[in-house]
file query33.cif (mmCIF, C-alpha atoms)
data_coords
loop_
_atom_site.label_atom_id
_atom_site.label_comp_id
_atom_site.auth_asym_id
_atom_site.auth_seq_id
_atom_site.Cartn_x
_atom_site.Cartn_y
_atom_site.Cartn_z
CA GLY A 1354 -10.06 11.96 -3.58
CA GLN A 1355 -9.86 11.68 -7.32
CA SER A 1356 -11.76 8.92 -9.06
CA SER A 1357 -9.72 6.76 -11.40
CA GLU A 1358 -12.67 5.75 -13.53
CA GLU A 1359 -13.02 7.29 -16.96
CA GLY A 1360 -16.11 9.29 -17.74
CA ASN A 1361 -18.07 8.92 -20.94
CA LEU A 1362 -16.36 12.00 -22.33
CA GLN A 1363 -12.87 10.57 -21.70
CA GLN A 1364 -13.85 7.36 -23.47
CA LEU A 1365 -15.31 9.31 -26.40
CA LEU A 1366 -12.19 11.48 -26.67
CA LEU A 1367 -9.99 8.39 -26.64
CA ASN A 1368 -12.03 6.83 -29.46
CA ILE A 1369 -11.91 10.04 -31.51
CA MET A 1370 -8.15 10.36 -31.00
CA LEU A 1371 -7.59 6.73 -32.02
CA MET A 1372 -9.69 7.16 -35.16
CA LEU A 1373 -7.91 10.39 -36.11
CA VAL A 1374 -4.48 8.82 -35.59
CA VAL A 1375 -5.39 5.82 -37.77
CA ILE A 1376 -6.77 8.05 -40.53
CA SER A 1377 -3.76 10.35 -40.26
CA PHE A 1378 -1.37 7.41 -40.46
CA LEU A 1379 -3.11 6.01 -43.54
CA LEU A 1380 -3.10 9.38 -45.32
CA CYS A 1381 0.57 9.90 -44.45
CA MET A 1382 1.42 6.51 -45.95
CA ILE A 1383 -0.36 7.53 -49.17
CA VAL A 1384 1.61 10.80 -49.21
CA LEU A 1385 4.86 8.90 -48.53
CA VAL A 1386 4.27 6.55 -51.47
CA TYR A 1387 3.51 9.52 -53.74
CA LEU A 1388 6.58 11.47 -52.55
CA LEU A 1389 8.86 8.45 -52.99
CA LEU A 1390 7.92 8.48 -56.66
CA GLU A 1391 8.64 12.22 -56.99
CA THR A 1392 11.54 13.03 -54.60
CA SER A 1393 14.38 11.43 -52.65
CA VAL A 1394 13.76 9.01 -49.78
CA GLU A 1395 15.17 11.48 -47.20
CA GLU A 1396 12.88 14.33 -48.28
CA ALA A 1397 9.88 12.03 -48.50
CA LEU A 1398 10.45 10.61 -44.99
CA ALA A 1399 11.15 14.05 -43.49
CA PHE A 1400 7.97 15.55 -44.95
CA THR A 1401 5.85 12.53 -43.96
CA VAL A 1402 7.09 12.56 -40.35
CA VAL A 1403 6.36 16.30 -40.05
CA LEU A 1404 2.93 15.77 -41.58
CA LEU A 1405 2.16 12.87 -39.22
CA VAL A 1406 3.21 14.80 -36.10
CA ALA A 1407 1.26 17.89 -37.19
CA SER A 1408 -1.90 15.92 -37.98
CA ILE A 1409 -2.31 14.34 -34.52
CA PRO A 1410 -4.73 16.54 -32.50
CA LEU A 1411 -2.82 16.83 -29.23
CA ALA A 1412 -4.73 19.88 -28.03
CA ILE A 1413 -8.18 18.28 -28.19
CA GLU A 1414 -8.15 17.35 -24.49
CA ILE A 1415 -7.02 20.85 -23.51
CA VAL A 1416 -9.86 22.39 -25.51
CA ILE A 1417 -12.44 20.03 -23.98
CA THR A 1418 -11.11 20.60 -20.43
CA THR A 1419 -11.23 24.37 -20.91
CA THR A 1420 -14.79 24.14 -22.21
CA LEU A 1421 -15.85 22.01 -19.23
CA ALA A 1422 -14.13 24.41 -16.81
CA LEU A 1423 -16.09 27.32 -18.30
CA GLY A 1424 -19.26 25.24 -17.93
CA ALA A 1425 -18.40 24.52 -14.29
CA GLN A 1426 -17.90 28.22 -13.66
CA GLU A 1427 -21.30 28.97 -15.19
CA LEU A 1428 -22.94 26.25 -13.09
CA SER A 1429 -21.31 27.59 -9.91
CA ARG A 1430 -22.88 30.99 -10.62
CA GLU A 1431 -26.24 29.19 -10.57
CA GLY A 1432 -25.43 27.61 -7.19
CA ALA A 1433 -24.36 24.14 -8.34
CA ILE A 1434 -21.42 22.36 -6.73
CA VAL A 1435 -19.18 20.72 -9.33
CA ALA A 1436 -16.67 18.23 -7.88
CA ARG A 1437 -15.39 16.77 -11.18
CA LEU A 1438 -15.40 18.24 -14.65
CA SER A 1439 -16.51 14.92 -16.13
CA ALA A 1440 -19.62 15.15 -13.91
CA ILE A 1441 -20.86 18.01 -16.11
CA GLU A 1442 -20.76 15.76 -19.15
CA ASP A 1443 -22.40 12.91 -17.19
CA MET A 1444 -25.21 15.21 -16.07
CA ALA A 1445 -25.73 16.50 -19.61
CA GLY A 1446 -26.51 12.96 -20.75
CA MET A 1447 -29.22 12.37 -18.11
CA ALA A 1448 -32.88 12.27 -18.98
CA ILE A 1449 -34.15 11.80 -15.39
CA LEU A 1450 -32.51 12.98 -12.16
CA CYS A 1451 -33.61 11.54 -8.82
CA SER A 1452 -32.64 13.79 -5.92
CA ASP A 1453 -32.35 13.45 -2.15
CA LYS A 1454 -34.85 15.89 -0.64
CA THR A 1455 -34.03 15.24 3.05
CA GLY A 1456 -31.95 18.40 3.43
CA THR A 1457 -28.73 16.44 3.80
CA LEU A 1458 -27.14 18.19 0.81
CA THR A 1459 -28.46 21.71 1.33
CA MET A 1460 -28.49 22.12 5.13
CA ASN A 1461 -26.27 19.20 6.18
CA GLN A 1462 -29.02 17.89 8.43
CA MET A 1463 -31.96 15.53 8.06
CA VAL A 1464 -35.47 16.17 9.35
CA ILE A 1465 -38.30 13.73 9.97
CA GLN A 1466 -41.55 14.69 8.27
CA ALA A 1467 -44.55 15.58 10.43
CA GLU A 1468 -46.68 12.93 8.71
CA THR A 1469 -45.17 9.50 8.26
CA PRO A 1470 -46.86 7.08 5.86
CA VAL A 1471 -47.58 3.86 7.77
CA PHE A 1472 -48.64 0.73 5.93
CA SER A 1473 -49.28 -1.59 8.90
CA LYS A 1474 -52.40 -1.27 11.03
CA GLY A 1475 -51.78 -0.21 14.60
CA GLU A 1476 -48.39 1.34 13.86
CA THR A 1477 -47.65 5.05 14.23
CA GLN A 1478 -44.70 7.34 13.72
CA TYR A 1479 -43.93 6.86 17.44
CA THR A 1480 -43.72 3.07 17.14
CA LEU A 1481 -41.78 3.22 13.88
CA LEU A 1482 -39.19 5.51 15.48
CA ARG A 1483 -38.86 3.06 18.39
CA TYR A 1484 -38.25 0.19 15.93
CA ALA A 1485 -35.72 2.31 14.03
CA ALA A 1486 -33.92 3.17 17.29
CA MET A 1487 -33.70 -0.52 18.16
CA ALA A 1488 -32.33 -1.29 14.70
CA ALA A 1489 -29.77 1.52 15.16
CA LYS A 1490 -28.54 -0.15 18.38
CA TRP A 1491 -29.82 2.72 20.51
CA LYS A 1492 -27.49 1.98 23.46
CA GLU A 1493 -24.44 2.60 21.26
CA PRO A 1494 -23.32 5.99 19.91
CA PRO A 1495 -24.77 6.83 16.46
CA ARG A 1496 -22.64 5.66 13.52
CA ASP A 1497 -23.98 8.04 10.87
CA ALA A 1498 -26.40 10.90 10.21
CA LEU A 1499 -29.41 8.58 9.92
CA ASP A 1500 -28.68 6.96 13.30
CA THR A 1501 -28.31 10.44 14.83
CA LEU A 1502 -31.65 11.53 13.38
CA VAL A 1503 -33.50 8.45 14.62
CA LEU A 1504 -31.91 8.40 18.08
CA ASN A 1505 -32.67 12.10 18.62
CA ALA A 1506 -36.31 11.70 17.52
CA ALA A 1507 -37.19 8.41 19.23
CA ASP A 1508 -38.40 8.05 22.83
CA LEU A 1509 -35.29 6.27 24.14
CA ALA A 1510 -36.56 6.25 27.73
CA SER A 1511 -39.43 3.96 26.70
CA LEU A 1512 -36.90 1.49 25.28
CA GLU A 1513 -35.25 0.97 28.68
CA SER A 1514 -38.11 -1.30 29.72
CA VAL A 1515 -37.83 -3.50 26.60
#
call {"tool": "encode", "arguments": {"input": "query33.cif", "output": "structure tokens"}}
result
Amino acid sequence: GQSSEEGNLQQLLLNIMLMLVVISFLLCMIVLVYLLLETSVEEALAFTVVLLVASIPLAIEIVITTTLALGAQELSREGAIVARLSAIEDMAGMAILCSDKTGTLTMNQMVIQAETPVFSKGETQYTLLRYAAMAAKWKEPPRDALDTLVLNAADLASLESV
């Protein structure tokens, strides 16, 4: 689905357009006053309206969208998946990127590491997986990928006696 939220680029474009329209309007009013002193009202109004319409940058969004589309094409050649064009602009503004390294994005499956850091004495990966299976309601079907991972890795037979 499409997101209805505006990206930073959309907000910036809106602000630029607003500023340009205000400046254009002010300059056209100055031209109108000057032309009213020099020519007829009809000619002055006609010229000012044409000038106002011509000075509003309607194509700015088309140019930006085309530029982002070319950027998305370049990123896809490098193996990136671009879902929204505004995501390119959002990524360009990032200083730090935290990434999911479980394999969910690349292989569409999660894997439990061979060594699990345990911070409580007496606990092991085996006991932690049993706790996780109990928290995942091990008698019910898995609700998501994490439940599936835990329920496939845990010793469910040992939980029958609990």
call {"tool": "atom_distance", "arguments": {"input": "query33.cif", "atom1": "CA of Asp1500 (chain A)", "atom2": "CA of Arg1437 (chain A)"}}
result
29.5 Å
call {"tool": "atom_distance", "arguments": {"input": "query33.cif", "atom1": "CA of Met1444 (chain A)", "atom2": "CA of Leu1371 (chain A)"}}
result
25.2 Å
call {"tool": "resolve_selection", "arguments": {"input": "query33.cif", "expression": "the PyMOL selection byres ((chain A and resi 1506) around 10)", "output": "number ranges by chain"}}
result
A: 1464-1465, 1479, 1482-1483, 1486, 1500-1505, 1507-1509
call {"tool": "residues_around", "arguments": {"input": "query33.cif", "residues": "region 1418-1435 of chain A", "least_positions_apart": "4", "cutoff": "12 Å", "atoms": "only C-alpha atoms", "output": "list in words"}}
result
Leu1362, Gln1363, Leu1366, Ala1412, Ile1413, Glu1414, Ser1439, Ala1440, Ile1441, Glu1442, Asp1443, Met1444, Ala1445, Leu1458 and Thr1459 of chain A
call {"tool": "resolve_selection", "arguments": {"input": "query33.cif", "expression": "the PyMOL selection byres ((chain A and resi 1377-1379) around 10)", "output": "PDB file with C-alpha atoms, keeping the file's coordinate frame"}}
result
ATOM      1  CA  LEU A1371      -7.590   6.730 -32.020  1.00  0.00           C
ATOM      2  CA  MET A1372      -9.690   7.160 -35.160  1.00  0.00           C
ATOM      3  CA  LEU A1373      -7.910  10.390 -36.110  1.00  0.00           C
ATOM      4  CA  VAL A1374      -4.480   8.820 -35.590  1.00  0.00           C
ATOM      5  CA  VAL A1375      -5.390   5.820 -37.770  1.00  0.00           C
ATOM      6  CA  ILE A1376      -6.770   8.050 -40.530  1.00  0.00           C
ATOM      7  CA  LEU A1380      -3.100   9.380 -45.320  1.00  0.00           C
ATOM      8  CA  CYS A1381       0.570   9.900 -44.450  1.00  0.00           C
ATOM      9  CA  MET A1382       1.420   6.510 -45.950  1.00  0.00           C
ATOM     10  CA  ILE A1383      -0.360   7.530 -49.170  1.00  0.00           C
ATOM     11  CA  VAL A1384       1.610  10.800 -49.210  1.00  0.00           C
ATOM     12  CA  LEU A1385       4.860   8.900 -48.530  1.00  0.00           C
ATOM     13  CA  THR A1401       5.850  12.530 -43.960  1.00  0.00           C
ATOM     14  CA  VAL A1402       7.090  12.560 -40.350  1.00  0.00           C
ATOM     15  CA  LEU A1404       2.930  15.770 -41.580  1.00  0.00           C
ATOM     16  CA  LEU A1405       2.160  12.870 -39.220  1.00  0.00           C
ATOM     17  CA  VAL A1406       3.210  14.800 -36.100  1.00  0.00           C
ATOM     18  CA  ALA A1407       1.260  17.890 -37.190  1.00  0.00           C
ATOM     19  CA  SER A1408      -1.900  15.920 -37.980  1.00  0.00           C
ATOM     20  CA  ILE A1409      -2.310  14.340 -34.520  1.00  0.00           C
ATOM     21  CA  PRO A1410      -4.730  16.540 -32.500  1.00  0.00           C
TER      22      PRO A1410
END
call {"tool": "atom_distance", "arguments": {"input": "query33.cif", "atom1": "CA of Leu1411 (chain A)", "atom2": "CA of Leu1389 (chain A)"}}
result
27.8 Å
call {"tool": "axis_aligned_box", "arguments": {"input": "query33.cif", "around": "region 1493-1497 of chain A", "padding_each_side": "3 Å", "output": "JSON"}}
result
{"center_x": -23.7, "center_y": 5.3, "center_z": 16.1, "size_x": 8.1, "size_y": 11.4, "size_z": 16.4}
